[in-house]
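Visitor: Quick one: structure below, then a few questions.
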Amino acid sequence: MRTLFGLNIFKNVKNTVMDFVVKNIDLLITLSIYILLTTIYKAWCISTLATLLGLTVVVSFIGKFLRKFENRSRTILTLNFIKSGKGLSSKTIATLAYVLKILVIVFIMVLGYAIAFAKPYYLIALVVIGSSILFTYHLPQIYIAFASSQRKIDAEVELPYVLIFLRAITPLRLPIYEFLREIEDSVALKSFAKEIKLARKVSSVTSTSFLTSLDMVAANHPSDKIRDLFRRVIGAAISMGDIRDVTERVFEEVYTWFESKVSGLVEKFTIIVGTALFAYFFAPILIASITPVIGGVTLFLVIIILSVQVFAFFMLYALVSSYYPSSLVVKPPKTLFFVGEAALIISIAIPITNIFMAITMNYLSNTTLIFILLAILAIPTILSEKEILKSRFYDRFVKMASDALSLSAATGENPAILLAEYSKRFGRRMIRFVRSIVSSYTSTTLRKALVLRAPSIYHASFIETLMTLLRLGYIPESLKAFAASYERLNIAVSRVRSFANTLEGVMIGLSALVGAFLVYLANVYSYMANLIKGVEMPKTIAVITFDPRVYTVIESLSILSLILTSVFVGKVRGGSVLYSFRTAILMLIVFLLARFIASIIKPF
């Protein structure tokens, strides 16, 4: 009996050891080679037996560490799935665990070499690898935080348009499940469609009612505004209340919030222009004015101005991005994205290169530099302006359709007929576009294609809501609510468009001022330097020295300033830096013309 009991213990130990070896064979082989090499090349290395015992402890620790990582990752992702709306597959978690194992192996090997050889670069490598291990270990938490933040942003961007959609279709007195089904099938409102699909998935997994699972999803949503909307709608549905009242109250709150963002963007106009004036225009002029007197070092001036301009660029861009409504961003096509990004990077790199080449007296003239930049920016300008014109065409359609729907609600006429009549005032392109909408709203494929072609969420949601009303049927009350909502929204959108035009005009005017003044200032100091050439001046009096490189560098910095300021003008124009090329070309041309005119005018 004792023999049989001993055999069972032996089998269990054998199976445990074999299982451990199979699971960690790669780690055992790697560390065995490491031990062999260190034993051969380091005579004072610890004994082989002690090393093997240490190896067993290390391998056991790594195994437990990796199992803890996998269990912890699955727990975090499971508990936060409803909050983030996303998860990681078991395969992805296993891959992360394998990457973590490799990092730990490398860390142990480098640690051994660091102890044996005590080289500084081993310590740096340990810090880098250790940081990578910590990052990988906490990657599931980082993923959850990022996904939750992105989910909140996407939902709040679409919130005003979801409320307009509900304002338009709730007068039709459809069941709550039909409303939610329409949102779930939406192409323009992708974030809210995902929310409804997530609720259906939770309902299927937990075997609860759809409204209960929707309440569960709403309770764990990272956005307070979305939680409030869902709970009000669910409360109205359960109590058999009127969803229209809930929609109206929430819409007023959300529209006020949306309008405040637009107003904030316009109100920050003074800060944007004031900072740009100092960083990109007044700073080069000021330094250009005092450099010949104080005899400044050119490289030092470059570092100062570039530092100020880079800091101002990121600050202004962040300011504009934080207030610009994401739903108005004109989506750039792939061709514009790749061509535009390449042109933008090159157009910034060339002036910077020319600046440092000017210090060594081997540089391009600023006129040549401007013509090169104009050639580089020509093609992306054509592509970006095509997308802006497309966006403005959709703006005209939204305004035209809002007027037609308002008239239809007042007179009771067929909105499709009124849309066709109103479109005749805007040319053949508008006639064809309206005809495509009126004739294809019953086809799911064509309806989705028309919505996907819209340049922004603002336009896409309008087209989708209009086609939904034509498909489900409409009453004057629904048409009136829909048109009135977009008429209010159009006011805010018009403020953004006019703000962009004003900002662009101000920057173009400033580019002319800077170009002319720099040339005029260079002529003045050149004339003064020639007057005192050869004249001995007392040591107590500062002597004006004229170095042409200084003005070449400062003019190149000013050209770089034009490119950088055009970037956040483009951000205001279309919500992306890819719509800055027209502004950049206009500023460069005006700058060049101002330099030419100023060079003709002599100071004395």
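Chain labels run A, B, ... following the order of the structure tokens; each chain numbers its residues from 1, and ligands are numbered from 1 in the order shown.
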Which residues are close to Ile376 of chain A, i.e. within 12 Å by only C-alpha atoms, leaving aside same-chain residues fewer than 5 positions away? Reply as a list in words.

Guide: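 Counting only C-alpha atoms, the residues come to Val339, Gly340, Glu341, Ala342, Ala343, Leu344, Ile345, Ile346, Ser347, Ile348, Ala349, Ile350, Leu369, Ile370, Phe371, Thr381, Ile382, Phe581, Ala584 and Ile585 of chain A.
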
Visitor: Keeping only N, CA, C and O atoms, take the residues you just selected and write them out as a tab-separated table (two decimals), in the first residue's frame.

Guide:
```tsv
chain	number	residue	atom	x	y	z
A	339	VAL	N	-1.02	62.55	-49.99
A	339	VAL	CA	-0.35	63.62	-50.72
A	339	VAL	C	-0.20	64.86	-49.83
A	339	VAL	O	0.86	65.51	-49.81
A	340	GLY	N	-1.26	65.18	-49.09
A	340	GLY	CA	-1.22	66.36	-48.24
A	340	GLY	C	-0.23	66.25	-47.11
A	340	GLY	O	0.51	67.20	-46.81
A	341	GLU	N	-0.20	65.10	-46.45
A	341	GLU	CA	0.76	64.91	-45.34
A	341	GLU	C	2.19	65.01	-45.84
A	341	GLU	O	3.05	65.65	-45.20
A	342	ALA	N	2.47	64.40	-47.00
A	342	ALA	CA	3.82	64.46	-47.55
A	342	ALA	C	4.20	65.89	-47.91
A	342	ALA	O	5.31	66.36	-47.61
A	343	ALA	N	3.27	66.61	-48.55
A	343	ALA	CA	3.54	68.00	-48.94
A	343	ALA	C	3.75	68.90	-47.73
A	343	ALA	O	4.63	69.77	-47.73
A	344	LEU	N	2.98	68.66	-46.68
A	344	LEU	CA	3.10	69.48	-45.48
A	344	LEU	C	4.44	69.26	-44.79
A	344	LEU	O	5.12	70.22	-44.39
A	345	ILE	N	4.85	68.00	-44.69
A	345	ILE	CA	6.14	67.69	-44.05
A	345	ILE	C	7.30	68.29	-44.86
A	345	ILE	O	8.23	68.90	-44.30
A	346	ILE	N	7.24	68.14	-46.18
A	346	ILE	CA	8.32	68.66	-47.04
A	346	ILE	C	8.36	70.19	-46.98
A	346	ILE	O	9.44	70.79	-46.91
A	347	SER	N	7.17	70.82	-47.01
A	347	SER	CA	7.13	72.29	-47.01
A	347	SER	C	7.61	72.89	-45.70
A	347	SER	O	8.03	74.04	-45.65
A	348	ILE	N	7.58	72.13	-44.62
A	348	ILE	CA	8.14	72.59	-43.34
A	348	ILE	C	9.63	72.29	-43.26
A	348	ILE	O	10.42	73.09	-42.75
A	349	ALA	N	10.03	71.13	-43.82
A	349	ALA	CA	11.43	70.71	-43.73
A	349	ALA	C	12.34	71.58	-44.60
A	349	ALA	O	13.48	71.89	-44.20
A	350	ILE	N	11.87	72.02	-45.78
A	350	ILE	CA	12.73	72.78	-46.69
A	350	ILE	C	13.14	74.13	-46.09
A	350	ILE	O	14.33	74.48	-46.11
A	369	LEU	N	13.16	79.80	-52.85
A	369	LEU	CA	12.51	78.97	-51.84
A	369	LEU	C	10.99	79.06	-51.93
A	369	LEU	O	10.29	78.04	-51.86
A	370	ILE	N	10.47	80.27	-52.13
A	370	ILE	CA	9.01	80.44	-52.22
A	370	ILE	C	8.46	79.75	-53.45
A	370	ILE	O	7.42	79.08	-53.39
A	371	PHE	N	9.17	79.86	-54.58
A	371	PHE	CA	8.69	79.20	-55.80
A	371	PHE	C	8.71	77.67	-55.66
A	371	PHE	O	7.82	76.98	-56.17
A	381	THR	N	-3.23	71.52	-52.88
A	381	THR	CA	-4.20	72.62	-52.83
A	381	THR	C	-5.40	72.31	-53.70
A	381	THR	O	-6.56	72.53	-53.30
A	382	ILE	N	-5.15	71.79	-54.90
A	382	ILE	CA	-6.26	71.43	-55.80
A	382	ILE	C	-7.14	70.35	-55.17
A	382	ILE	O	-8.37	70.45	-55.18
A	581	PHE	N	-3.66	74.41	-47.33
A	581	PHE	CA	-2.77	74.67	-48.46
A	581	PHE	C	-3.15	75.93	-49.23
A	581	PHE	O	-2.28	76.64	-49.72
A	584	ALA	N	-1.80	78.80	-47.29
A	584	ALA	CA	-0.34	78.86	-47.38
A	584	ALA	C	0.10	79.46	-48.71
A	584	ALA	O	1.00	80.32	-48.75
A	585	ILE	N	-0.53	79.04	-49.80
A	585	ILE	CA	-0.16	79.57	-51.13
A	585	ILE	C	-0.46	81.06	-51.22
A	585	ILE	O	0.36	81.86	-51.71
```

Visitor: Could you name the residues that touch Ala218 of chain A at 10 Å or less, counting only C-alpha atoms, but leaving out those on the same chain fewer than 2 positions away, as a JSON list (two decimals) with all heavy atoms, in the first residue's frame?

Guide:
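Final file, selection-v3.json:
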```
[["chain", "number", "residue", "atom", "x", "y", "z"],
["A", 82, "ILE", "N", -18.43, 46.49, -20.66],
["A", 82, "ILE", "CA", -19.57, 47.37, -20.90],
["A", 82, "ILE", "C", -19.14, 48.83, -20.85],
["A", 82, "ILE", "O", -19.65, 49.67, -21.60],
["A", 82, "ILE", "CB", -20.69, 47.11, -19.87],
["A", 82, "ILE", "CG1", -21.20, 45.67, -20.00],
["A", 82, "ILE", "CG2", -21.85, 48.07, -20.05],
["A", 82, "ILE", "CD1", -22.28, 45.31, -19.02],
["A", 83, "LYS", "N", -18.16, 49.14, -20.02],
["A", 83, "LYS", "CA", -17.69, 50.52, -19.92],
["A", 83, "LYS", "C", -16.93, 50.96, -21.17],
["A", 83, "LYS", "O", -17.12, 52.07, -21.67],
["A", 83, "LYS", "CB", -16.80, 50.68, -18.69],
["A", 83, "LYS", "CG", -16.27, 52.09, -18.50],
["A", 83, "LYS", "CD", -15.38, 52.17, -17.27],
["A", 83, "LYS", "CE", -14.84, 53.60, -17.11],
["A", 83, "LYS", "NZ", -13.95, 53.70, -15.92],
["A", 195, "GLU", "N", -23.71, 51.50, -29.71],
["A", 195, "GLU", "CA", -24.28, 51.42, -28.37],
["A", 195, "GLU", "C", -25.51, 50.50, -28.35],
["A", 195, "GLU", "O", -25.67, 49.67, -27.45],
["A", 195, "GLU", "CB", -24.68, 52.81, -27.87],
["A", 195, "GLU", "CG", -23.54, 53.81, -27.77],
["A", 195, "GLU", "CD", -22.51, 53.44, -26.73],
["A", 195, "GLU", "OE1", -22.85, 52.67, -25.81],
["A", 195, "GLU", "OE2", -21.37, 53.91, -26.84],
["A", 199, "ALA", "N", -25.96, 46.85, -26.49],
["A", 199, "ALA", "CA", -27.08, 46.51, -25.59],
["A", 199, "ALA", "C", -27.74, 45.21, -26.02],
["A", 199, "ALA", "O", -28.12, 44.38, -25.18],
["A", 199, "ALA", "CB", -28.10, 47.65, -25.58],
["A", 212, "THR", "N", -33.68, 46.55, -20.24],
["A", 212, "THR", "CA", -32.84, 46.35, -19.05],
["A", 212, "THR", "C", -31.36, 46.37, -19.42],
["A", 212, "THR", "O", -30.54, 46.99, -18.74],
["A", 212, "THR", "CB", -33.18, 45.01, -18.38],
["A", 212, "THR", "OG1", -34.57, 44.99, -18.03],
["A", 212, "THR", "CG2", -32.34, 44.80, -17.13],
["A", 213, "SER", "N", -31.01, 45.69, -20.51],
["A", 213, "SER", "CA", -29.61, 45.68, -20.95],
["A", 213, "SER", "C", -29.19, 47.07, -21.43],
["A", 213, "SER", "O", -28.05, 47.49, -21.22],
["A", 213, "SER", "CB", -29.41, 44.66, -22.07],
["A", 213, "SER", "OG", -30.20, 45.00, -23.21],
["A", 214, "LEU", "N", -30.13, 47.82, -22.05],
["A", 214, "LEU", "CA", -29.82, 49.18, -22.47],
["A", 214, "LEU", "C", -29.56, 50.07, -21.26],
["A", 214, "LEU", "O", -28.66, 50.92, -21.27],
["A", 214, "LEU", "CB", -30.97, 49.74, -23.31],
["A", 214, "LEU", "CG", -30.72, 51.10, -23.98],
["A", 214, "LEU", "CD1", -29.59, 50.99, -24.99],
["A", 214, "LEU", "CD2", -32.00, 51.59, -24.66],
["A", 215, "ASP", "N", -30.34, 49.86, -20.20],
["A", 215, "ASP", "CA", -30.11, 50.61, -18.96],
["A", 215, "ASP", "C", -28.76, 50.24, -18.35],
["A", 215, "ASP", "O", -28.06, 51.10, -17.80],
["A", 215, "ASP", "CB", -31.24, 50.32, -17.99],
["A", 215, "ASP", "CG", -31.11, 51.13, -16.71],
["A", 215, "ASP", "OD1", -31.14, 52.37, -16.80],
["A", 215, "ASP", "OD2", -30.95, 50.53, -15.64],
["A", 216, "MET", "N", -28.38, 48.98, -18.46],
["A", 216, "MET", "CA", -27.09, 48.53, -17.94],
["A", 216, "MET", "C", -25.94, 49.18, -18.71],
["A", 216, "MET", "O", -24.96, 49.64, -18.12],
["A", 216, "MET", "CB", -27.00, 47.00, -18.06],
["A", 216, "MET", "CG", -25.82, 46.38, -17.33],
["A", 216, "MET", "SD", -25.72, 44.58, -17.62],
["A", 216, "MET", "CE", -27.36, 44.08, -17.11],
["A", 220, "ASN", "N", -23.13, 52.29, -17.34],
["A", 220, "ASN", "CA", -21.67, 52.15, -17.37],
["A", 220, "ASN", "C", -21.02, 52.99, -18.46],
["A", 220, "ASN", "O", -19.84, 52.82, -18.75],
["A", 220, "ASN", "CB", -21.30, 50.67, -17.59],
["A", 220, "ASN", "CG", -21.63, 49.81, -16.39],
["A", 220, "ASN", "OD1", -20.86, 49.72, -15.45],
["A", 220, "ASN", "ND2", -22.79, 49.18, -16.42],
["A", 221, "HIS", "N", -21.79, 53.87, -19.08],
["A", 221, "HIS", "CA", -21.23, 54.70, -20.16],
["A", 221, "HIS", "C", -20.32, 55.77, -19.57],
["A", 221, "HIS", "O", -20.64, 56.37, -18.54],
["A", 221, "HIS", "CB", -22.35, 55.35, -20.97],
["A", 221, "HIS", "CG", -21.92, 55.75, -22.36],
["A", 221, "HIS", "ND1", -21.18, 56.88, -22.60],
["A", 221, "HIS", "CD2", -22.11, 55.16, -23.55],
["A", 221, "HIS", "CE1", -20.94, 56.98, -23.89],
["A", 221, "HIS", "NE2", -21.49, 55.95, -24.50],
["A", 222, "PRO", "N", -19.17, 56.04, -20.21],
["A", 222, "PRO", "CA", -18.23, 57.04, -19.65],
["A", 222, "PRO", "C", -18.71, 58.49, -19.77],
["A", 222, "PRO", "O", -18.14, 59.37, -19.13],
["A", 222, "PRO", "CB", -16.95, 56.82, -20.47],
["A", 222, "PRO", "CG", -17.40, 56.17, -21.73],
["A", 222, "PRO", "CD", -18.59, 55.34, -21.37],
["A", 223, "SER", "N", -19.75, 58.76, -20.58],
["A", 223, "SER", "CA", -20.22, 60.13, -20.77],
["A", 223, "SER", "C", -21.47, 60.39, -19.92],
["A", 223, "SER", "O", -22.45, 59.64, -20.00],
["A", 223, "SER", "CB", -20.54, 60.38, -22.25],
["A", 223, "SER", "OG", -21.18, 61.62, -22.42],
["A", 224, "ASP", "N", -21.44, 61.46, -19.14],
["A", 224, "ASP", "CA", -22.60, 61.83, -18.33],
["A", 224, "ASP", "C", -23.80, 62.20, -19.21],
["A", 224, "ASP", "O", -24.94, 61.88, -18.87],
["A", 224, "ASP", "CB", -22.25, 63.02, -17.42],
["A", 224, "ASP", "CG", -21.19, 62.66, -16.40],
["A", 224, "ASP", "OD1", -21.06, 61.46, -16.08],
["A", 224, "ASP", "OD2", -20.48, 63.57, -15.93],
["A", 226, "ILE", "N", -24.59, 61.12, -22.20],
["A", 226, "ILE", "CA", -25.20, 59.93, -22.82],
["A", 226, "ILE", "C", -25.99, 59.14, -21.77],
["A", 226, "ILE", "O", -27.09, 58.65, -22.05],
["A", 226, "ILE", "CB", -24.13, 59.04, -23.47],
["A", 226, "ILE", "CG1", -23.28, 59.85, -24.43],
["A", 226, "ILE", "CG2", -24.77, 57.87, -24.17],
["A", 226, "ILE", "CD1", -24.06, 60.54, -25.52],
["A", 227, "ARG", "N", -25.44, 59.01, -20.57],
["A", 227, "ARG", "CA", -26.17, 58.32, -19.50],
["A", 227, "ARG", "C", -27.50, 59.01, -19.22],
["A", 227, "ARG", "O", -28.54, 58.35, -19.06],
["A", 227, "ARG", "CB", -25.32, 58.29, -18.22],
["A", 227, "ARG", "CG", -24.16, 57.32, -18.26],
["A", 227, "ARG", "CD", -23.69, 56.98, -16.85],
["A", 227, "ARG", "NE", -23.24, 58.16, -16.13],
["A", 227, "ARG", "CZ", -21.98, 58.58, -16.11],
["A", 227, "ARG", "NH1", -21.06, 57.93, -16.80],
["A", 227, "ARG", "NH2", -21.64, 59.66, -15.43],
["A", 228, "ASP", "N", -27.47, 60.33, -19.17],
["A", 228, "ASP", "CA", -28.68, 61.09, -18.89],
["A", 228, "ASP", "C", -29.72, 60.88, -19.99],
["A", 228, "ASP", "O", -30.91, 60.67, -19.71],
["A", 228, "ASP", "CB", -28.34, 62.57, -18.75],
["A", 228, "ASP", "CG", -29.56, 63.42, -18.44],
["A", 228, "ASP", "OD1", -30.18, 63.18, -17.39],
["A", 228, "ASP", "OD2", -29.88, 64.32, -19.24],
["A", 229, "LEU", "N", -29.29, 60.92, -21.25],
["A", 229, "LEU", "CA", -30.23, 60.75, -22.37],
["A", 229, "LEU", "C", -30.86, 59.37, -22.35],
["A", 229, "LEU", "O", -32.09, 59.24, -22.43],
["A", 229, "LEU", "CB", -29.49, 60.97, -23.69],
["A", 229, "LEU", "CG", -30.30, 60.62, -24.96],
["A", 229, "LEU", "CD1", -31.50, 61.54, -25.09],
["A", 229, "LEU", "CD2", -29.41, 60.70, -26.20],
["A", 230, "PHE", "N", -30.04, 58.32, -22.25],
["A", 230, "PHE", "CA", -30.57, 56.97, -22.29],
["A", 230, "PHE", "C", -31.54, 56.71, -21.13],
["A", 230, "PHE", "O", -32.61, 56.11, -21.33],
["A", 230, "PHE", "CB", -29.43, 55.95, -22.24],
["A", 230, "PHE", "CG", -28.86, 55.61, -23.59],
["A", 230, "PHE", "CD1", -27.52, 55.79, -23.87],
["A", 230, "PHE", "CD2", -29.67, 55.11, -24.58],
["A", 230, "PHE", "CE1", -26.99, 55.48, -25.10],
["A", 230, "PHE", "CE2", -29.16, 54.80, -25.83],
["A", 230, "PHE", "CZ", -27.82, 54.98, -26.09],
["A", 231, "ARG", "N", -31.19, 57.16, -19.96],
["A", 231, "ARG", "CA", -32.05, 56.89, -18.80],
["A", 231, "ARG", "C", -33.37, 57.64, -18.89],
["A", 231, "ARG", "O", -34.41, 57.14, -18.49],
["A", 231, "ARG", "CB", -31.31, 57.25, -17.52],
["A", 231, "ARG", "CG", -30.18, 56.27, -17.24],
["A", 231, "ARG", "CD", -29.67, 56.36, -15.83],
["A", 231, "ARG", "NE", -28.95, 55.16, -15.47],
["A", 231, "ARG", "CZ", -28.40, 54.94, -14.29],
["A", 231, "ARG", "NH1", -28.51, 55.86, -13.35],
["A", 231, "ARG", "NH2", -27.78, 53.82, -14.03],
["A", 234, "ILE", "N", -35.38, 55.68, -21.53],
["A", 234, "ILE", "CA", -35.84, 54.40, -20.98],
["A", 234, "ILE", "C", -36.95, 54.63, -19.95],
["A", 234, "ILE", "O", -37.95, 53.91, -19.92],
["A", 234, "ILE", "CB", -34.66, 53.64, -20.34],
["A", 234, "ILE", "CG1", -33.67, 53.22, -21.43],
["A", 234, "ILE", "CG2", -35.14, 52.42, -19.57],
["A", 234, "ILE", "CD1", -32.35, 52.71, -20.89]]
```

Visitor: Excluding same-chain residues fewer than 4 positions from Phe313 of chain A, what lies within 9 Å of it counting only C-alpha atoms, as a PDB file with N, CA and C atoms, in the first residue's frame?

Guide:
```pdb
ATOM      1  N   ALA A 276      -0.251  84.625 -32.502  1.00  0.00           N
ATOM      2  CA  ALA A 276       0.369  84.480 -33.819  1.00  0.00           C
ATOM      3  C   ALA A 276       1.135  85.738 -34.209  1.00  0.00           C
ATOM      4  N   ALA A 279       4.453  85.598 -32.033  1.00  0.00           N
ATOM      5  CA  ALA A 279       5.373  84.486 -32.281  1.00  0.00           C
ATOM      6  C   ALA A 279       5.855  84.434 -33.717  1.00  0.00           C
ATOM      7  N   VAL A 308      10.269  79.628 -29.840  1.00  0.00           N
ATOM      8  CA  VAL A 308       9.033  80.380 -29.615  1.00  0.00           C
ATOM      9  C   VAL A 308       7.948  79.937 -30.587  1.00  0.00           C
ATOM     10  N   GLN A 309       8.313  79.749 -31.861  1.00  0.00           N
ATOM     11  CA  GLN A 309       7.323  79.408 -32.876  1.00  0.00           C
ATOM     12  C   GLN A 309       6.768  78.003 -32.691  1.00  0.00           C
ATOM     13  N   TYR A 317      -2.675  75.278 -31.924  1.00  0.00           N
ATOM     14  CA  TYR A 317      -3.355  74.131 -32.550  1.00  0.00           C
ATOM     15  C   TYR A 317      -4.218  73.395 -31.528  1.00  0.00           C
ATOM     16  N   ALA A 318      -3.691  73.212 -30.322  1.00  0.00           N
ATOM     17  CA  ALA A 318      -4.479  72.564 -29.268  1.00  0.00           C
ATOM     18  C   ALA A 318      -5.704  73.396 -28.905  1.00  0.00           C
ATOM     19  N   LEU A 564       3.314  77.510 -40.909  1.00  0.00           N
ATOM     20  CA  LEU A 564       2.778  77.076 -39.618  1.00  0.00           C
ATOM     21  C   LEU A 564       1.452  77.757 -39.289  1.00  0.00           C
ATOM     22  N   THR A 565       1.345  79.063 -39.561  1.00  0.00           N
ATOM     23  CA  THR A 565       0.077  79.741 -39.275  1.00  0.00           C
ATOM     24  C   THR A 565      -1.034  79.263 -40.194  1.00  0.00           C
ATOM     25  N   VAL A 567      -1.489  76.312 -41.032  1.00  0.00           N
ATOM     26  CA  VAL A 567      -1.956  75.006 -40.540  1.00  0.00           C
ATOM     27  C   VAL A 567      -3.180  75.160 -39.649  1.00  0.00           C
ATOM     28  N   PHE A 568      -3.125  76.075 -38.670  1.00  0.00           N
ATOM     29  CA  PHE A 568      -4.308  76.170 -37.812  1.00  0.00           C
ATOM     30  C   PHE A 568      -5.422  76.992 -38.461  1.00  0.00           C
TER      31      PHE A 568
END
```

Visitor: Compare A:Arg72, A:Arg200, A:Arg447, A:Arg573 by their minimum atom-to-atom distance to Ser384 of chain A, counting only C-alpha atoms, and give me the closest one.

Guide: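 Of all the options, A:Arg573 lies closest to Ser384 of chain A.
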
Visitor: Which residues, written as an NGL selection string, have at least one atom at most 9 Å from Ala125 of chain A, with only C-alpha atoms counted and residues fewer than 5 positions away on the same chain left out?

Guide: :A and (107 or 110 or 120 or 130)
